[in-house]
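K.L.:
Input: one structure, supplied below.
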Amino acid sequence: MAQDDEIELVQAASGLWHSAEPLSVAEHSDPDQPDLFPARSDEDAISRYYVYKRNELIHGSYTLSTFGLKTLSVLISRIDPRASEGEMPVFEMSVIEFARLMGVSRQRVYEVIEQVTDELQSQFARLPLRDFEYEQAVQAERTQARTEGREVRAIARPKPDPRSFIKVSWFDYSRYDQNTGKISFAFHRDMAPYLRDFSGFFTKYSPQAVLGMRSFYSIRLYEIFRSFLSLKSTQGGTREVFRTLSYTELRGLLDLGDKYPRLSSFETRVLRQAQKELASTDLTFEYSFPERKTAGSRAKVTRICFHIRSLAVPAALAEGVAEAPPASVVLAAQVRSDLVAQYGEDQVSRNLLYVAGELAGGFQPSHPERFAISCIRKDIEATGGALNPFNYTEVAQRAFVTERLSKMWDTLPAESRSEFVEHRFRQGLVAQMYQQYARETAQRSVSATIMDDLQHGDTDW
């Protein structure tokens, strides 16, 4: 099959983006591969464009065909990530270019055009809400710091409530003109905050990385993993990261629903397929199930640990809009040595990686070192963050985790601990204990001082 080839777009005086490619199919026929359009000579054109997506879009939930997701990646790479004003641009490409991009035959291209325009017109993405108030506060602090000639003060980022979301349509319209052989795409106006105005955390990658993939899940995992290990971090020397995701959370990100309900089918159709397809990109990964300590274990899986590696990238690829710096906590040598002696290297390393992930996600504890030490002592990583009180938006739940659950955790039956890690306060023994705790605290009216301290982060970290 012919190599996937990139479309080259130029901006017209009207402000629309159109193709410089001639439209005649006959002129581009290849007698050796009559069903495919031949590759263009300027195959490196794609390297001039990069996809910029805010992390809310990366970590959102949606289902598209592989064709739809590839089309989005190329169109998004044409958006100026620094532009925050004005209407979203309209993009055009010829049928020839679209066929090359998708790697489909001339006989099938119109079927794929129907499919892609249908789904991108009718479907939506379920995204975490942007915290505009926090972003405005950060920007105001940066401006004030420049005015006063001082360092920028850190502003604590509120922990997002996972129950909050926004559903955004992909396109305002899509159009195909048979007379000109052009396809037009116009992003929905509500997509603008997630494709432009990169004042917060975002992910950048080359569309080259995903155009050769055949699986929607491979493309989505590439994007998710690249949000954990940015191109800029890679160019700066960070070539690998560990990240643990809950199995339920990952299924939600991939919008699997009832698809691949058995772990074995999920592993075969999603994880192993993605490993195979990412092997030819600049990003690879390995994975393990922490609950399964031995090869023959059948323990229930609630978490997946990913070891993500990135190849070296050219400096030019890491340039552009400033990305968030890698987040980490460095403990004093003696403190780390004491913790390793007490809890072991594995527990210390795993929890430091968990802390780095929390910081990268925007969590800003008042005392990062204390937070890291607390995570190591309680082995919060092993619980998928279930014992981190700041993972809960309700003050009463934070108080329960801090005052009771973390202290009795080791005495609970293993099945009750696993149940809480998976279901939290929705069901199970710990949920029942919390309901009793809530009734007790309501009866005795817990001290307002304690509740205020928890709400404002004045804990042991």
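In the structure tokens, the first chain shown is A, the next is B, and so on; residue numbers restart at 1 for each chain, and ligands run from 1 in the order shown.
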Determine, counting only C-alpha atoms, which protein, DNA and RNA residues have an atom within 6 Å of an atom of region 60-66 of chain A; residues of the same chain fewer than 2 positions away are not included. Present the result as a PDB file with N, CA and C atoms, in the first residue's frame.

P.N.:
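Written file, result27.pdb:
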ATOM      1  N   GLU A  56      -7.633  18.780  28.712  1.00  0.00           N
ATOM      2  CA  GLU A  56      -9.034  18.422  28.918  1.00  0.00           C
ATOM      3  C   GLU A  56      -9.552  17.614  27.724  1.00  0.00           C
ATOM      4  N   LEU A  57      -9.069  17.954  26.532  1.00  0.00           N
ATOM      5  CA  LEU A  57      -9.488  17.217  25.336  1.00  0.00           C
ATOM      6  C   LEU A  57      -8.787  15.865  25.262  1.00  0.00           C
ATOM      7  N   ILE A  58      -7.529  15.826  25.654  1.00  0.00           N
ATOM      8  CA  ILE A  58      -6.798  14.555  25.680  1.00  0.00           C
ATOM      9  C   ILE A  58      -7.444  13.586  26.661  1.00  0.00           C
ATOM     10  N   GLY A  68     -11.999   9.014  11.531  1.00  0.00           N
ATOM     11  CA  GLY A  68     -12.428  10.268  12.129  1.00  0.00           C
ATOM     12  C   GLY A  68     -11.354  10.881  12.994  1.00  0.00           C
ATOM     13  N   LEU A  69     -10.681  10.046  13.794  1.00  0.00           N
ATOM     14  CA  LEU A  69      -9.650  10.562  14.696  1.00  0.00           C
ATOM     15  C   LEU A  69      -8.426  11.043  13.916  1.00  0.00           C
ATOM     16  N   ALA A 125     -17.774  15.289  22.264  1.00  0.00           N
ATOM     17  CA  ALA A 125     -16.771  14.858  23.249  1.00  0.00           C
ATOM     18  C   ALA A 125     -17.238  15.266  24.641  1.00  0.00           C
ATOM     19  N   ARG A 126     -17.107  14.358  25.593  1.00  0.00           N
ATOM     20  CA  ARG A 126     -17.420  14.653  26.998  1.00  0.00           C
ATOM     21  C   ARG A 126     -16.102  15.018  27.681  1.00  0.00           C
ATOM     22  N   LEU A 127     -15.959  16.301  28.071  1.00  0.00           N
ATOM     23  CA  LEU A 127     -14.676  16.821  28.541  1.00  0.00           C
ATOM     24  C   LEU A 127     -14.774  17.323  29.972  1.00  0.00           C
ATOM     25  N   SER A 215      -5.931   1.387  14.722  1.00  0.00           N
ATOM     26  CA  SER A 215      -6.868   1.270  15.844  1.00  0.00           C
ATOM     27  C   SER A 215      -7.111   2.627  16.502  1.00  0.00           C
ATOM     28  N   PHE A 216      -8.378   2.953  16.723  1.00  0.00           N
ATOM     29  CA  PHE A 216      -8.750   4.152  17.461  1.00  0.00           C
ATOM     30  C   PHE A 216      -8.103   4.154  18.834  1.00  0.00           C
ATOM     31  N   LEU A 253     -11.824   6.667  29.723  1.00  0.00           N
ATOM     32  CA  LEU A 253     -11.130   7.540  28.780  1.00  0.00           C
ATOM     33  C   LEU A 253     -11.282   7.043  27.345  1.00  0.00           C
ATOM     34  N   ASP A 255     -13.811   5.326  26.362  1.00  0.00           N
ATOM     35  CA  ASP A 255     -15.251   5.248  26.089  1.00  0.00           C
ATOM     36  C   ASP A 255     -15.646   3.842  25.631  1.00  0.00           C
TER      37      ASP A 255
END

K.L.:
Taking the DSSP secondary structure from the backbone, can you list the residues of region 230-342 of chain A that are alpha helix (DSSP H), as number ranges by chain?

P.N.:
A: 231-235, 247-253, 263-266, 273-278, 315-318, 333-342

K.L.:
Identify, on the basis of only C-alpha atoms, every residue whose closest approach to region 367-378 of chain A does not exceed 6 Å; exclude the query and any residue fewer than 2 positions from it along the same chain; express the result as a short mmCIF file (atom, residue, chain, number, x, y, z; two decimals) with N, CA and C atoms, in the first residue's frame.

P.N.:
data_model
loop_
_atom_site.label_atom_id
_atom_site.label_comp_id
_atom_site.auth_asym_id
_atom_site.auth_seq_id
_atom_site.Cartn_x
_atom_site.Cartn_y
_atom_site.Cartn_z
N VAL A 348 8.81 3.39 47.89
CA VAL A 348 9.24 4.79 47.80
C VAL A 348 9.16 5.27 46.35
N ASN A 351 5.50 5.60 44.88
CA ASN A 351 4.73 6.72 45.41
C ASN A 351 5.29 8.07 44.99
N PRO A 365 -0.10 20.90 46.49
CA PRO A 365 -0.15 20.90 47.96
C PRO A 365 0.72 22.01 48.52
N ILE A 380 -0.06 5.26 49.27
CA ILE A 380 -1.26 5.72 48.58
C ILE A 380 -1.30 5.27 47.14
N TRP A 461 0.52 17.84 55.26
CA TRP A 461 1.34 18.25 54.10
C TRP A 461 0.88 19.56 53.58
#

K.L.:
As an exercise, work out the distance from CA of Ala332 (chain A) to CA of Arg153 (chain A) in Å and give it to one decimal place.

P.N.:
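Distance between the two atoms: 23.4 Å.
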
K.L.:
What's the 10 Å shell around Tyr434 (chain A), counting only C-alpha atoms, without same-chain residues fewer than 3 positions away, as a PyMOL selection string?

P.N.:
chain A and resi 396-397+400-401+404-405+425+429-431+437-440

K.L.:
Ranking A:Arg163, A:Val340, A:Phe289, A:Arg220 by minimum distance to Tyr392 (chain A) and counting only C-alpha atoms, which one comes first?

P.N.:
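Ranking A:Arg163, A:Val340, A:Phe289, A:Arg220 by distance to Tyr392 (chain A), first place goes to A:Arg163.
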
K.L.:
Let's see if you can do this: from backbone DSSP, list all strand (DSSP E) residues in region 251-375 of chain A, as a list in words.

P.N.:
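Going through region 251-375 of chain A, the strand (DSSP E) residues come out as Leu283, Thr284, Phe285, Glu286, Tyr287, Ser288, Arg303, Ile304, Cys305, Phe306, His307, Ile308, Arg309 and Ser310 of chain A.
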
K.L.:
Smallest atom-to-atom distance to Asn179 (chain A): which of A:Ser94, A:Ser264, A:Ser230, A:Thr441, using only C-alpha atoms?

P.N.:
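Checking each candidate against Asn179 (chain A), we get A:Ser94 as the closest.
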